[in-house]
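Notes follow once the structure below has been shown.
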Amino acid sequence: MRLKGEQGLGIVDTLIVLVLISIFMGVLIPKYQRMAQEAREVALQISIGNIRKAVQVYVLTKQKIPADLRDLIREQYVVPMNKGTIFTDQYLKTATLDEAGYPIDPFGNRYGYNTANGLVYSTTKGYEKW
């Protein structure tokens, strides 16, 4: 119900608003997707670095290469501290595990692991060489 002297938006005004919204969405959505991709790549670099460090600590404390990456999550290391206290923790803490208990990368794929030399790598297409 309109009062006297008021006018609603016409079809041209509505079309202009829709075109402006479409332009903004056309610019913002690709930018968001690029930023999300870059964030996953940074998270992948950090995760691979953390897992590789965990393998190194495992080798230093156990004098052997872990059988698989789940060993880093299941097993703990013990470090004697000063005044008789002992520090115990997991080699690797991760919140992203698949149903079998293996760590997964930010793209949702399981990390690759070479049991012969302890090399950890990404199995996500395009990131295998990281």
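Naming works like this for the structure tokens: A, B, ... for the chains as they're shown, residue 1 at the start of each chain, ligands 1 onward in shown order.
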
>> Env of Asp71 (chain A): 12 Å cut, atoms = only C-alpha atoms, seq-sep filter 6 positions within chain, self excluded. Answer as number ranges by chain.
In response: A: 51, 54-55, 58-59, 62, 64-65, 77, 90-93, 101-103, 113, 115

> Out of region 29-120 of chain A, which residues get helix (DSSP H, G or I) from DSSP, as a ChimeraX atom specification?
Replying inline: /A:29-62,70-74,82-84

Just write the chosen residues, N, CA and C atoms, as a CSV table (one decimal), in the first residue's frame.
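Contents of out21.csv, freshly written:
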```
chain,number,residue,atom,x,y,z
A,29,ILE,N,33.9,-13.3,-6.1
A,29,ILE,CA,33.9,-14.7,-6.0
A,29,ILE,C,35.2,-15.3,-6.5
A,30,PRO,N,35.7,-14.9,-7.7
A,30,PRO,CA,37.0,-15.4,-8.1
A,30,PRO,C,38.2,-15.0,-7.2
A,31,LYS,N,38.1,-13.8,-6.6
A,31,LYS,CA,39.1,-13.4,-5.7
A,31,LYS,C,39.1,-14.2,-4.4
A,32,TYR,N,37.9,-14.5,-3.9
A,32,TYR,CA,37.7,-15.4,-2.8
A,32,TYR,C,38.3,-16.8,-3.1
A,33,GLN,N,38.0,-17.3,-4.2
A,33,GLN,CA,38.5,-18.6,-4.6
A,33,GLN,C,40.0,-18.7,-4.6
A,34,ARG,N,40.6,-17.6,-5.2
A,34,ARG,CA,42.1,-17.6,-5.2
A,34,ARG,C,42.7,-17.5,-3.8
A,35,MET,N,42.1,-16.7,-3.0
A,35,MET,CA,42.6,-16.5,-1.6
A,35,MET,C,42.4,-17.9,-0.8
A,36,ALA,N,41.3,-18.6,-1.1
A,36,ALA,CA,41.1,-19.9,-0.4
A,36,ALA,C,42.2,-20.9,-0.9
A,37,GLN,N,42.5,-20.9,-2.2
A,37,GLN,CA,43.5,-21.8,-2.7
A,37,GLN,C,44.8,-21.5,-2.1
A,38,GLU,N,45.2,-20.2,-2.0
A,38,GLU,CA,46.5,-19.8,-1.5
A,38,GLU,C,46.6,-20.2,0.0
A,39,ALA,N,45.5,-20.1,0.7
A,39,ALA,CA,45.4,-20.4,2.1
A,39,ALA,C,45.7,-21.9,2.3
A,40,ARG,N,45.1,-22.8,1.4
A,40,ARG,CA,45.3,-24.2,1.5
A,40,ARG,C,46.7,-24.6,1.1
A,41,GLU,N,47.3,-23.8,0.2
A,41,GLU,CA,48.7,-24.1,-0.2
A,41,GLU,C,49.6,-23.8,1.0
A,42,VAL,N,49.4,-22.7,1.7
A,42,VAL,CA,50.2,-22.3,2.8
A,42,VAL,C,50.1,-23.4,3.9
A,43,ALA,N,48.8,-23.8,4.2
A,43,ALA,CA,48.6,-24.8,5.2
A,43,ALA,C,49.3,-26.1,4.8
A,44,LEU,N,49.3,-26.4,3.5
A,44,LEU,CA,50.0,-27.6,3.1
A,44,LEU,C,51.5,-27.5,3.3
A,45,GLN,N,52.1,-26.4,3.0
A,45,GLN,CA,53.5,-26.2,3.3
A,45,GLN,C,53.8,-26.4,4.8
A,46,ILE,N,53.0,-25.8,5.6
A,46,ILE,CA,53.2,-25.9,7.1
A,46,ILE,C,53.0,-27.3,7.6
A,47,SER,N,52.0,-28.0,7.1
A,47,SER,CA,51.7,-29.3,7.5
A,47,SER,C,52.8,-30.3,7.1
A,48,ILE,N,53.2,-30.2,5.9
A,48,ILE,CA,54.3,-31.1,5.4
A,48,ILE,C,55.6,-30.8,6.2
A,49,GLY,N,55.9,-29.6,6.5
A,49,GLY,CA,57.1,-29.3,7.3
A,49,GLY,C,56.9,-29.9,8.7
A,50,ASN,N,55.7,-29.8,9.3
A,50,ASN,CA,55.5,-30.3,10.7
A,50,ASN,C,55.7,-31.8,10.7
A,51,ILE,N,55.1,-32.5,9.7
A,51,ILE,CA,55.2,-34.0,9.7
A,51,ILE,C,56.6,-34.4,9.4
A,52,ARG,N,57.4,-33.7,8.6
A,52,ARG,CA,58.8,-34.0,8.3
A,52,ARG,C,59.6,-33.8,9.6
A,53,LYS,N,59.3,-32.8,10.3
A,53,LYS,CA,60.0,-32.6,11.6
A,53,LYS,C,59.7,-33.7,12.6
A,54,ALA,N,58.4,-34.1,12.6
A,54,ALA,CA,58.0,-35.2,13.5
A,54,ALA,C,58.7,-36.5,13.2
A,55,VAL,N,58.9,-36.7,11.9
A,55,VAL,CA,59.7,-37.9,11.5
A,55,VAL,C,61.1,-37.8,11.9
A,56,GLN,N,61.7,-36.6,11.8
A,56,GLN,CA,63.1,-36.5,12.3
A,56,GLN,C,63.2,-36.7,13.8
A,57,VAL,N,62.3,-36.2,14.5
A,57,VAL,CA,62.4,-36.4,16.0
A,57,VAL,C,62.2,-37.9,16.3
A,58,TYR,N,61.3,-38.5,15.6
A,58,TYR,CA,61.1,-39.9,15.8
A,58,TYR,C,62.3,-40.7,15.5
A,59,VAL,N,63.0,-40.4,14.4
A,59,VAL,CA,64.3,-41.1,14.1
A,59,VAL,C,65.3,-40.8,15.2
A,60,LEU,N,65.4,-39.6,15.7
A,60,LEU,CA,66.4,-39.3,16.7
A,60,LEU,C,66.1,-40.0,18.0
A,61,THR,N,64.8,-40.1,18.4
A,61,THR,CA,64.5,-40.8,19.7
A,61,THR,C,64.4,-42.3,19.6
A,62,LYS,N,64.0,-42.8,18.5
A,62,LYS,CA,63.8,-44.3,18.3
A,62,LYS,C,64.9,-45.0,17.6
A,70,ARG,N,50.9,-43.1,11.0
A,70,ARG,CA,50.1,-43.3,12.2
A,70,ARG,C,50.9,-43.5,13.4
A,71,ASP,N,52.2,-44.0,13.3
A,71,ASP,CA,53.0,-44.2,14.4
A,71,ASP,C,53.4,-42.8,15.1
A,72,LEU,N,53.4,-41.8,14.3
A,72,LEU,CA,53.7,-40.5,14.8
A,72,LEU,C,52.6,-39.9,15.7
A,73,ILE,N,51.4,-40.4,15.4
A,73,ILE,CA,50.2,-40.0,16.2
A,73,ILE,C,50.0,-40.9,17.4
A,74,ARG,N,50.2,-42.2,17.2
A,74,ARG,CA,50.0,-43.1,18.3
A,74,ARG,C,51.1,-43.1,19.4
A,82,ASN,N,64.8,-30.7,33.7
A,82,ASN,CA,65.5,-30.5,34.9
A,82,ASN,C,64.7,-30.8,36.2
A,83,LYS,N,65.4,-31.1,37.2
A,83,LYS,CA,64.7,-31.4,38.5
A,83,LYS,C,63.8,-32.6,38.5
A,84,GLY,N,64.2,-33.6,37.6
A,84,GLY,CA,63.5,-34.9,37.6
A,84,GLY,C,62.1,-34.9,36.9
```

>> Could you list, as a list in words, every residue within 9 Å of Tyr121 (chain A), counting only C-alpha atoms and ignoring same-chain residues fewer than 4 positions away?
In response: Ile48, Arg52, Tyr111, Gly112, Tyr113, Asn114, Tyr127, Glu128, Lys129 and Trp130 of chain A

> Which of chain A counts as strand (DSSP E or B) under DSSP, as a VMD selection string please?
Replying inline: chain A and resid 76 to 80 86 to 90 97 103 to 104 110 112 to 114 119 to 121

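Atom pair CA of Arg110 (chain A) / CA of Leu69 (chain A) has a distance of 10.1 Å (rounded to one decimal).
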
> Which residues, written as an MDAnalysis selection string, have at least one atom at most 8 Å from Val78 (chain A), with only C-alpha atoms counted and residues fewer than 6 positions away on the same chain left out?
Replying inline: chainID A and resid 86:89
